[in-house]
>>> print(open('start37.json').read())   # JSON, C-alpha atoms
[["chain", "number", "residue", "atom", "x", "y", "z"],
["A", 1178, "MET", "CA", -11.34, 8.21, -6.10],
["A", 1179, "ALA", "CA", -9.34, 5.27, -7.36],
["A", 1180, "LYS", "CA", -11.66, 2.32, -7.49],
["A", 1181, "TYR", "CA", -11.51, -1.13, -8.92],
["A", 1182, "SER", "CA", -13.48, -1.32, -12.08],
["A", 1183, "THR", "CA", -14.28, -4.43, -14.03],
["A", 1184, "PRO", "CA", -12.79, -3.27, -17.34],
["A", 1185, "LEU", "CA", -9.61, -2.25, -15.58],
["A", 1186, "ASP", "CA", -9.31, -5.59, -13.83],
["A", 1187, "GLN", "CA", -9.77, -7.22, -17.23],
["A", 1188, "THR", "CA", -6.92, -5.16, -18.61],
["A", 1189, "PHE", "CA", -4.55, -6.21, -15.86],
["A", 1190, "ALA", "CA", -5.70, -9.84, -16.00],
["A", 1191, "ALA", "CA", -5.12, -9.90, -19.76],
["A", 1192, "LEU", "CA", -1.60, -8.54, -19.29],
["A", 1193, "VAL", "CA", -0.60, -11.19, -16.74],
["A", 1194, "ASP", "CA", 0.02, -13.85, -19.40],
["A", 1195, "PRO", "CA", 3.45, -13.77, -21.15],
["A", 1196, "THR", "CA", 2.10, -15.03, -24.49],
["A", 1197, "ARG", "CA", -0.49, -12.25, -24.55],
["A", 1198, "ARG", "CA", 2.14, -9.68, -23.69],
["A", 1199, "ALA", "CA", 4.30, -11.05, -26.50],
["A", 1200, "ILE", "CA", 1.35, -10.70, -28.90],
["A", 1201, "LEU", "CA", 0.88, -7.09, -27.84],
["A", 1202, "ALA", "CA", 4.60, -6.41, -28.18],
["A", 1203, "ARG", "CA", 4.56, -7.87, -31.68],
["A", 1204, "LEU", "CA", 1.61, -5.69, -32.67],
["A", 1205, "GLU", "CA", 3.26, -2.66, -31.13],
["A", 1206, "HIS", "CA", 6.55, -3.34, -32.91],
["A", 1207, "ASP", "CA", 5.39, -4.52, -36.32],
["A", 1208, "GLY", "CA", 1.95, -2.98, -36.59],
["A", 1209, "ASP", "CA", -1.23, -4.81, -37.63],
["A", 1210, "ALA", "CA", -0.93, -8.53, -38.28],
["A", 1211, "THR", "CA", -3.05, -11.47, -39.37],
["A", 1212, "ILE", "CA", -3.83, -14.23, -36.91],
["A", 1213, "SER", "CA", -1.51, -16.72, -38.62],
["A", 1214, "GLN", "CA", 1.30, -14.16, -38.62],
["A", 1215, "LEU", "CA", 0.75, -13.70, -34.91],
["A", 1216, "ALA", "CA", 0.73, -17.45, -34.27],
["A", 1217, "GLN", "CA", 3.97, -18.06, -36.15],
["A", 1218, "PRO", "CA", 6.56, -17.30, -33.42],
["A", 1219, "PHE", "CA", 4.76, -19.34, -30.77],
["A", 1220, "ALA", "CA", 5.02, -23.06, -30.18],
["A", 1221, "ILE", "CA", 1.28, -23.25, -29.72],
["A", 1222, "LYS", "CA", -1.57, -24.16, -32.03],
["A", 1223, "LEU", "CA", -3.84, -21.70, -33.77],
["A", 1224, "PRO", "CA", -6.83, -22.38, -31.45],
["A", 1225, "ALA", "CA", -4.68, -21.50, -28.44],
["A", 1226, "VAL", "CA", -3.67, -18.24, -30.09],
["A", 1227, "MET", "CA", -7.33, -17.56, -30.84],
["A", 1228, "LYS", "CA", -8.11, -18.02, -27.15],
["A", 1229, "HIS", "CA", -5.46, -15.49, -26.18],
["A", 1230, "LEU", "CA", -6.84, -13.09, -28.78],
["A", 1231, "ASP", "CA", -10.31, -13.55, -27.28],
["A", 1232, "VAL", "CA", -9.01, -12.51, -23.85],
["A", 1233, "LEU", "CA", -7.19, -9.51, -25.32],
["A", 1234, "GLY", "CA", -10.29, -8.63, -27.32],
["A", 1235, "GLN", "CA", -12.58, -8.83, -24.28],
["A", 1236, "ALA", "CA", -10.20, -6.55, -22.39],
["A", 1237, "GLY", "CA", -10.44, -4.18, -25.34],
["A", 1238, "LEU", "CA", -6.68, -4.28, -25.91],
["A", 1239, "ILE", "CA", -7.01, -5.40, -29.54],
["A", 1240, "GLU", "CA", -9.49, -5.05, -32.36],
["A", 1241, "ARG", "CA", -10.11, -7.63, -35.05],
["A", 1242, "VAL", "CA", -11.00, -6.40, -38.51],
["A", 1243, "LYS", "CA", -12.24, -8.88, -41.08],
["A", 1244, "VAL", "CA", -11.51, -8.14, -44.72],
["A", 1245, "GLY", "CA", -12.72, -10.92, -47.00],
["A", 1246, "ARG", "CA", -11.42, -14.11, -45.45],
["A", 1247, "THR", "CA", -8.53, -12.46, -43.64],
["A", 1248, "VAL", "CA", -8.78, -11.25, -40.05],
["A", 1249, "THR", "CA", -6.37, -8.47, -39.16],
["A", 1250, "VAL", "CA", -5.51, -7.75, -35.55],
["A", 1251, "ARG", "CA", -4.59, -4.29, -34.34],
["A", 1252, "LEU", "CA", -3.81, -2.68, -31.00],
["A", 1253, "SER", "CA", -6.45, -0.67, -29.21],
["A", 1254, "PRO", "CA", -4.91, 1.80, -26.77],
["A", 1255, "ALA", "CA", -7.93, 2.90, -24.70],
["A", 1256, "PRO", "CA", -7.74, 0.33, -21.86],
["A", 1257, "MET", "CA", -4.04, 0.93, -21.44],
["A", 1258, "GLN", "CA", -4.82, 4.58, -21.07],
["A", 1259, "GLU", "CA", -7.42, 3.79, -18.44],
["A", 1260, "ALA", "CA", -4.86, 1.73, -16.51],
["A", 1261, "MET", "CA", -2.44, 4.65, -16.67],
["A", 1262, "ASP", "CA", -5.13, 7.10, -15.58],
["A", 1263, "TRP", "CA", -5.85, 4.91, -12.57],
["A", 1264, "LEU", "CA", -2.21, 5.05, -11.48],
["A", 1265, "ARG", "CA", -1.99, 8.72, -12.27],
["A", 1266, "ARG", "CA", -4.80, 9.44, -9.82],
["A", 1267, "TYR", "CA", -2.67, 7.97, -7.04],
["A", 1268, "GLU", "CA", 0.31, 9.92, -8.28],
["A", 1269, "HIS", "CA", -1.72, 13.12, -8.23],
["A", 1270, "PHE", "CA", -3.08, 12.41, -4.75],
["A", 1271, "TRP", "CA", 0.34, 11.83, -3.22],
["A", 1272, "THR", "CA", 2.24, 14.48, -5.14],
["A", 1273, "HIS", "CA", -0.09, 17.16, -3.88],
["A", 1274, "SER", "CA", -0.28, 15.70, -0.36],
["A", 1275, "LEU", "CA", 3.51, 15.42, 0.03],
["A", 1276, "ASP", "CA", 4.04, 18.96, -1.25],
["A", 1277, "ARG", "CA", 1.70, 20.23, 1.41],
["A", 1278, "LEU", "CA", 3.25, 17.94, 4.03],
["A", 1279, "ALA", "CA", 6.66, 19.42, 3.24],
["A", 1280, "ALA", "CA", 5.36, 22.98, 3.48],
["A", 1281, "TYR", "CA", 3.59, 22.26, 6.77],
["A", 1282, "ALA", "CA", 6.61, 20.52, 8.35],
["A", 1283, "GLU", "CA", 8.86, 23.40, 7.30],
["A", 1284, "SER", "CA", 6.53, 26.01, 8.79],
["A", 1285, "ARG", "CA", 6.37, 24.04, 12.05],
["A", 1286, "GLU", "CA", 10.14, 23.80, 12.19],
["A", 1287, "ASN", "CA", 10.55, 27.52, 11.47],
["A", 1288, "ALA", "CA", 8.14, 28.35, 14.26],
["A", 1289, "GLN", "CA", 10.15, 26.19, 16.66],
["A", 1290, "ARG", "CA", 13.54, 27.49, 15.54],
["A", 1291, "SER", "CA", 12.91, 31.19, 15.60],
["A", 1292, "PRO", "CA", 12.72, 32.46, 19.18],
["A", 1293, "LYS", "CA", 9.58, 34.34, 20.07],
["A", 1294, "PRO", "CA", 10.19, 38.08, 20.53],
["B", 1175, "MET", "CA", 3.06, -0.31, -12.77],
["B", 1176, "THR", "CA", 1.82, -1.44, -9.46],
["B", 1177, "SER", "CA", 3.83, 0.88, -7.29],
["B", 1178, "LEU", "CA", 4.45, 4.56, -6.98],
["B", 1179, "THR", "CA", 7.56, 6.14, -5.46],
["B", 1180, "LEU", "CA", 8.10, 9.83, -4.73],
["B", 1181, "VAL", "CA", 11.06, 11.53, -3.06],
["B", 1182, "ARG", "CA", 10.98, 14.91, -1.29],
["B", 1183, "ARG", "CA", 13.67, 17.05, 0.32],
["B", 1184, "ILE", "CA", 12.16, 18.81, 3.30],
["B", 1185, "ASN", "CA", 13.78, 21.59, 5.27],
["B", 1186, "ALA", "CA", 12.73, 20.18, 8.63],
["B", 1187, "GLN", "CA", 14.08, 17.46, 10.88],
["B", 1188, "PRO", "CA", 12.80, 13.88, 10.56],
["B", 1189, "ALA", "CA", 11.04, 14.11, 13.95],
["B", 1190, "THR", "CA", 9.04, 17.15, 12.77],
["B", 1191, "VAL", "CA", 8.10, 15.40, 9.52],
["B", 1192, "PHE", "CA", 7.16, 12.21, 11.36],
["B", 1193, "GLU", "CA", 4.86, 14.17, 13.63],
["B", 1194, "ALA", "CA", 3.23, 15.90, 10.66],
["B", 1195, "LEU", "CA", 2.70, 12.48, 9.06],
["B", 1196, "THR", "CA", 1.06, 10.87, 12.05],
["B", 1197, "THR", "CA", -0.86, 13.36, 14.19],
["B", 1198, "PRO", "CA", -4.46, 14.24, 13.31],
["B", 1199, "GLU", "CA", -3.54, 17.92, 13.54],
["B", 1200, "GLY", "CA", -0.67, 17.40, 11.09],
["B", 1201, "ILE", "CA", -2.72, 15.29, 8.70],
["B", 1202, "ALA", "CA", -5.43, 17.95, 8.62],
["B", 1203, "HIS", "CA", -2.89, 20.32, 7.04],
["B", 1204, "TRP", "CA", -1.75, 18.24, 4.09],
["B", 1205, "TRP", "CA", -3.87, 15.18, 3.29],
["B", 1206, "GLY", "CA", -5.65, 15.19, -0.06],
["B", 1207, "PRO", "CA", -5.21, 15.69, -3.81],
["B", 1208, "ASP", "CA", -6.29, 19.33, -3.82],
["B", 1209, "ASP", "CA", -6.84, 22.14, -1.30],
["B", 1210, "GLY", "CA", -10.17, 20.80, -0.07],
["B", 1211, "PRO", "CA", -10.53, 20.28, 3.70],
["B", 1212, "VAL", "CA", -9.79, 17.23, 5.82],
["B", 1213, "LEU", "CA", -13.09, 16.43, 7.57],
["B", 1214, "LEU", "CA", -11.89, 13.77, 9.96],
["B", 1215, "ALA", "CA", -8.50, 12.37, 10.98],
["B", 1216, "GLU", "CA", -8.02, 9.60, 13.50],
["B", 1217, "THR", "CA", -4.70, 7.91, 14.20],
["B", 1218, "ASP", "CA", -3.62, 5.25, 16.67],
["B", 1219, "VAL", "CA", 0.07, 5.27, 15.90],
["B", 1220, "ARG", "CA", 1.35, 1.88, 17.03],
["B", 1221, "VAL", "CA", 1.79, -1.42, 15.22],
["B", 1222, "GLY", "CA", -1.72, -2.84, 14.86],
["B", 1223, "GLY", "CA", -3.33, 0.56, 15.46],
["B", 1224, "ARG", "CA", -5.49, 2.10, 12.77],
["B", 1225, "PHE", "CA", -5.88, 5.38, 10.96],
["B", 1226, "ARG", "CA", -8.91, 6.86, 9.22],
["B", 1227, "VAL", "CA", -8.97, 10.06, 7.20],
["B", 1228, "ARG", "CA", -11.91, 11.65, 5.44],
["B", 1229, "PHE", "CA", -11.52, 14.61, 3.11],
["B", 1230, "ARG", "CA", -13.60, 16.71, 0.75],
["B", 1231, "MET", "CA", -12.28, 17.71, -2.64],
["B", 1232, "LEU", "CA", -12.88, 21.09, -4.22],
["B", 1233, "ASP", "CA", -15.42, 19.45, -6.55],
["B", 1234, "GLY", "CA", -17.48, 18.62, -3.44],
["B", 1235, "SER", "CA", -16.89, 14.87, -3.48],
["B", 1236, "GLU", "CA", -15.90, 13.22, -0.19],
["B", 1237, "HIS", "CA", -13.49, 10.33, 0.15],
["B", 1238, "GLU", "CA", -12.25, 8.28, 3.06],
["B", 1239, "SER", "CA", -9.28, 5.99, 3.38],
["B", 1240, "SER", "CA", -8.23, 3.83, 6.29],
["B", 1241, "GLY", "CA", -5.68, 1.22, 7.22],
["B", 1242, "GLU", "CA", -3.49, -0.32, 9.86],
["B", 1243, "TYR", "CA", -0.04, 0.76, 11.00],
["B", 1244, "LEU", "CA", 2.35, -2.05, 10.13],
["B", 1245, "ARG", "CA", 5.65, -0.51, 11.20],
["B", 1246, "VAL", "CA", 6.08, 2.48, 13.50],
["B", 1247, "GLU", "CA", 9.66, 3.54, 14.19],
["B", 1248, "PRO", "CA", 9.85, 7.29, 14.82],
["B", 1249, "PRO", "CA", 11.36, 9.27, 13.34],
["B", 1250, "HIS", "CA", 12.63, 7.16, 10.44],
["B", 1251, "HIS", "CA", 10.08, 4.55, 9.37],
["B", 1252, "LEU", "CA", 6.35, 4.39, 8.96],
["B", 1253, "GLU", "CA", 4.41, 1.71, 7.14],
["B", 1254, "MET", "CA", 0.69, 1.19, 6.86],
["B", 1255, "SER", "CA", -1.90, -0.75, 4.93],
["B", 1256, "TRP", "CA", -4.28, 1.34, 2.83],
["B", 1257, "ARG", "CA", -7.70, 1.10, 1.30],
["B", 1258, "TRP", "CA", -10.48, 3.42, 0.21],
["B", 1259, "SER", "CA", -13.23, 2.86, 2.76],
["B", 1260, "ASP", "CA", -15.92, 2.29, 0.13],
["B", 1261, "ASP", "CA", -13.74, -0.13, -1.81],
["B", 1262, "THR", "CA", -14.52, -3.51, -0.33],
["B", 1263, "ALA", "CA", -13.06, -5.56, -3.18],
["B", 1264, "GLY", "CA", -9.49, -6.73, -3.35],
["B", 1265, "PRO", "CA", -6.62, -6.69, -0.88],
["B", 1266, "ASP", "CA", -5.19, -3.63, 0.87],
["B", 1267, "SER", "CA", -2.35, -1.74, -0.73],
["B", 1268, "ARG", "CA", 0.60, -0.52, 1.33],
["B", 1269, "VAL", "CA", 2.22, 2.83, 2.09],
["B", 1270, "ILE", "CA", 5.86, 3.02, 3.20],
["B", 1271, "VAL", "CA", 7.56, 6.23, 4.32],
["B", 1272, "ALA", "CA", 11.30, 6.40, 5.03],
["B", 1273, "LEU", "CA", 12.74, 9.58, 6.59],
["B", 1274, "ARG", "CA", 16.48, 10.07, 6.41],
["B", 1275, "ALA", "CA", 18.31, 12.98, 8.01],
["B", 1276, "ALA", "CA", 20.01, 14.99, 5.26],
["B", 1277, "GLY", "CA", 21.96, 18.00, 6.48],
["B", 1278, "THR", "CA", 19.59, 20.02, 8.62],
["B", 1279, "GLY", "CA", 16.61, 18.58, 6.77],
["B", 1280, "THR", "CA", 15.03, 15.31, 5.74],
["B", 1281, "GLU", "CA", 14.94, 13.19, 2.65],
["B", 1282, "LEU", "CA", 11.52, 11.58, 2.49],
["B", 1283, "THR", "CA", 11.05, 8.51, 0.31],
["B", 1284, "PHE", "CA", 7.41, 7.64, -0.17],
["B", 1285, "THR", "CA", 6.21, 4.38, -1.71],
["B", 1286, "HIS", "CA", 2.67, 3.22, -2.34],
["B", 1287, "ASP", "CA", 2.78, -0.36, -3.55],
["B", 1288, "ARG", "CA", 0.66, -3.49, -3.85],
["B", 1289, "LEU", "CA", -1.68, -1.37, -5.91],
["B", 1290, "ARG", "CA", -2.97, -4.42, -7.71],
["B", 1291, "ASP", "CA", -3.64, -7.94, -6.50],
["B", 1292, "ASP", "CA", -0.90, -10.44, -5.78],
["B", 1293, "ALA", "CA", -1.15, -12.26, -9.08],
["B", 1294, "THR", "CA", -0.58, -9.06, -10.97],
["B", 1295, "ALA", "CA", 2.20, -8.05, -8.63],
["B", 1296, "ARG", "CA", 3.94, -11.38, -9.15],
["B", 1297, "SER", "CA", 3.72, -11.03, -12.89],
["B", 1298, "HIS", "CA", 5.07, -7.53, -12.45],
["B", 1299, "GLU", "CA", 8.05, -8.78, -10.47],
["B", 1300, "ALA", "CA", 8.67, -11.40, -13.13],
["B", 1301, "GLY", "CA", 8.88, -8.49, -15.51],
["B", 1302, "TRP", "CA", 6.00, -7.15, -17.52],
["B", 1303, "GLY", "CA", 8.80, -6.79, -19.95],
["B", 1304, "GLY", "CA", 9.34, -4.60, -22.91],
["B", 1305, "ALA", "CA", 5.83, -5.17, -24.23],
["B", 1306, "LEU", "CA", 4.12, -3.21, -21.54],
["B", 1307, "ASP", "CA", 6.86, -0.63, -21.21],
["B", 1308, "LYS", "CA", 6.61, 0.10, -24.90],
["B", 1309, "LEU", "CA", 2.86, 0.34, -24.76],
["B", 1310, "VAL", "CA", 3.08, 2.68, -21.81],
["B", 1311, "ARG", "CA", 5.65, 4.86, -23.55],
["B", 1312, "ARG", "CA", 3.64, 4.95, -26.71],
["B", 1313, "TYR", "CA", 0.22, 5.67, -25.28],
["B", 1314, "ALA", "CA", 1.01, 7.48, -22.06],
["B", 1315, "PRO", "CA", 4.46, 9.02, -22.52],
["B", 1316, "GLU", "CA", 3.88, 11.58, -19.79],
["B", 1317, "ALA", "CA", 3.12, 8.93, -17.15],
["B", 1318, "ARG", "CA", 6.05, 8.45, -14.86],
["B", 1319, "ALA", "CA", 4.44, 6.63, -11.96],
["B", 1320, "GLY", "CA", 6.77, 4.11, -10.40],
["B", 1321, "ALA", "CA", 10.40, 4.89, -9.75]]
>>> encode(input="start37.json", output="structure tokens")
Amino acid sequence: MAKYSTPLDQTFAALVDPTRRAILARLEHDGDATISQLAQPFAIKLPAVMKHLDVLGQAGLIERVKVGRTVTVRLSPAPMQEAMDWLRRYEHFWTHSLDRLAAYAESRENAQRSPKP
Amino acid sequence: MTSLTLVRRINAQPATVFEALTTPEGIAHWWGPDDGPVLLAETDVRVGGRFRVRFRMLDGSEHESSGEYLRVEPPHHLEMSWRWSDDTAGPDSRVIVALRAAGTGTELTFTHDRLRDDATARSHEAGWGGALDKLVRRYAPEARAGA
């Protein structure tokens, strides 16, 4: 059913860091951006930003597109969807189980309440 | 993200619901994501005791989960650790069930948490913040896991 998978662990690991989340938020809010645009709001040097982008790239959360000498970064939604699917499997499991639990408990109670003829 | 909460109103007393939650006979009637059968249910309902449930889904696949009872206070509280039996990586997650008498029935609050490792959970508590929420809304708007 719901198993750990390496790509999924990478997604969650990539999301743990606040700078990387801020980068994703920026991309989500403002759309595609160049690396220097992304680095601007942070008090860290370009190589550090590149490192964060590498982690996000390995997790498949961003794509880098090179046009001429400019690298543009854009969001890639697939891993986020996988993370959601993983949670949704649990949600599906328990939603169905609890519905049946409720029906079963109610039938038991009815059987106890109504006197046998 | 790392927890799931569901609430149910059940037209049965907490003691009846607690029994359905914990007895093998009860579990056989409801456990599983579809109407496939429960193949095995074992429970040792005391703190430190274990449960094991195996079920088959309608697609023919079989799955087993097991764990340890962490809190057993009939008819209001039940807490247990949880893992898929073939999932040996990572820590256990946790299932918490609270049963509150409501009129002639029960309000059941179900929580499955610690669904990711501690580091992720800590970062979650610190707030995955608007970034993740926005991403989730944008790419999975129908997902409403987590209360």
>>> closest_residue(input="start37.json", among="A:Gln1289, A:Thr1249, A:Ser1284, A:Thr1272", to="Ser1213 in chain A", atoms="all atoms listed in the file")
A:Thr1249
>>> closest_residue(input="start37.json", among="A:Gly1208, A:Trp1271, A:Ala1216, A:Arg1251", to="Thr1283 in chain B", atoms="all atoms listed in the file")
A:Trp1271
>>> interface_residues(input="start37.json", of="chain B", to="chain A", cutoff="6 Å", atoms="all atoms listed in the file", output="ChimeraX atom specification")
/B:1184-1186,1191,1204-1207,1297,1305
>>> atom_distance(input="start37.json", atom1="CA of Pro1218 in chain A", atom2="CA of Val1250 in chain A")
15.5 Å
>>> atom_distance(input="start37.json", atom1="CA of Gly1234 in chain A", atom2="CA of Gln1214 in chain A")
17.1 Å
>>> closest_residue(input="start37.json", among="B:Glu1281, B:Glu1199, B:Glu1236, B:Asp1287", to="Ser1255 in chain B", atoms="all atoms listed in the file")
B:Asp1287
>>> atom_distance(input="start37.json", atom1="CA of Phe1192 in chain B", atom2="CA of Arg1245 in chain B")
12.8 Å
>>> closest_residue(input="start37.json", among="B:Asp1208, B:Asp1261, B:Glu1253, B:Glu1247", to="Phe1229 in chain B", atoms="all atoms listed in the file")
B:Asp1208
>>> axis_aligned_box(input="start37.json", around="range 1283-1291 of chain A", padding_each_side="4 Å", output="AutoDock Vina command-line options")
--center_x 10.0 --center_y 27.3 --center_z 12.0 --size_x 15.2 --size_y 15.8 --size_z 17.4
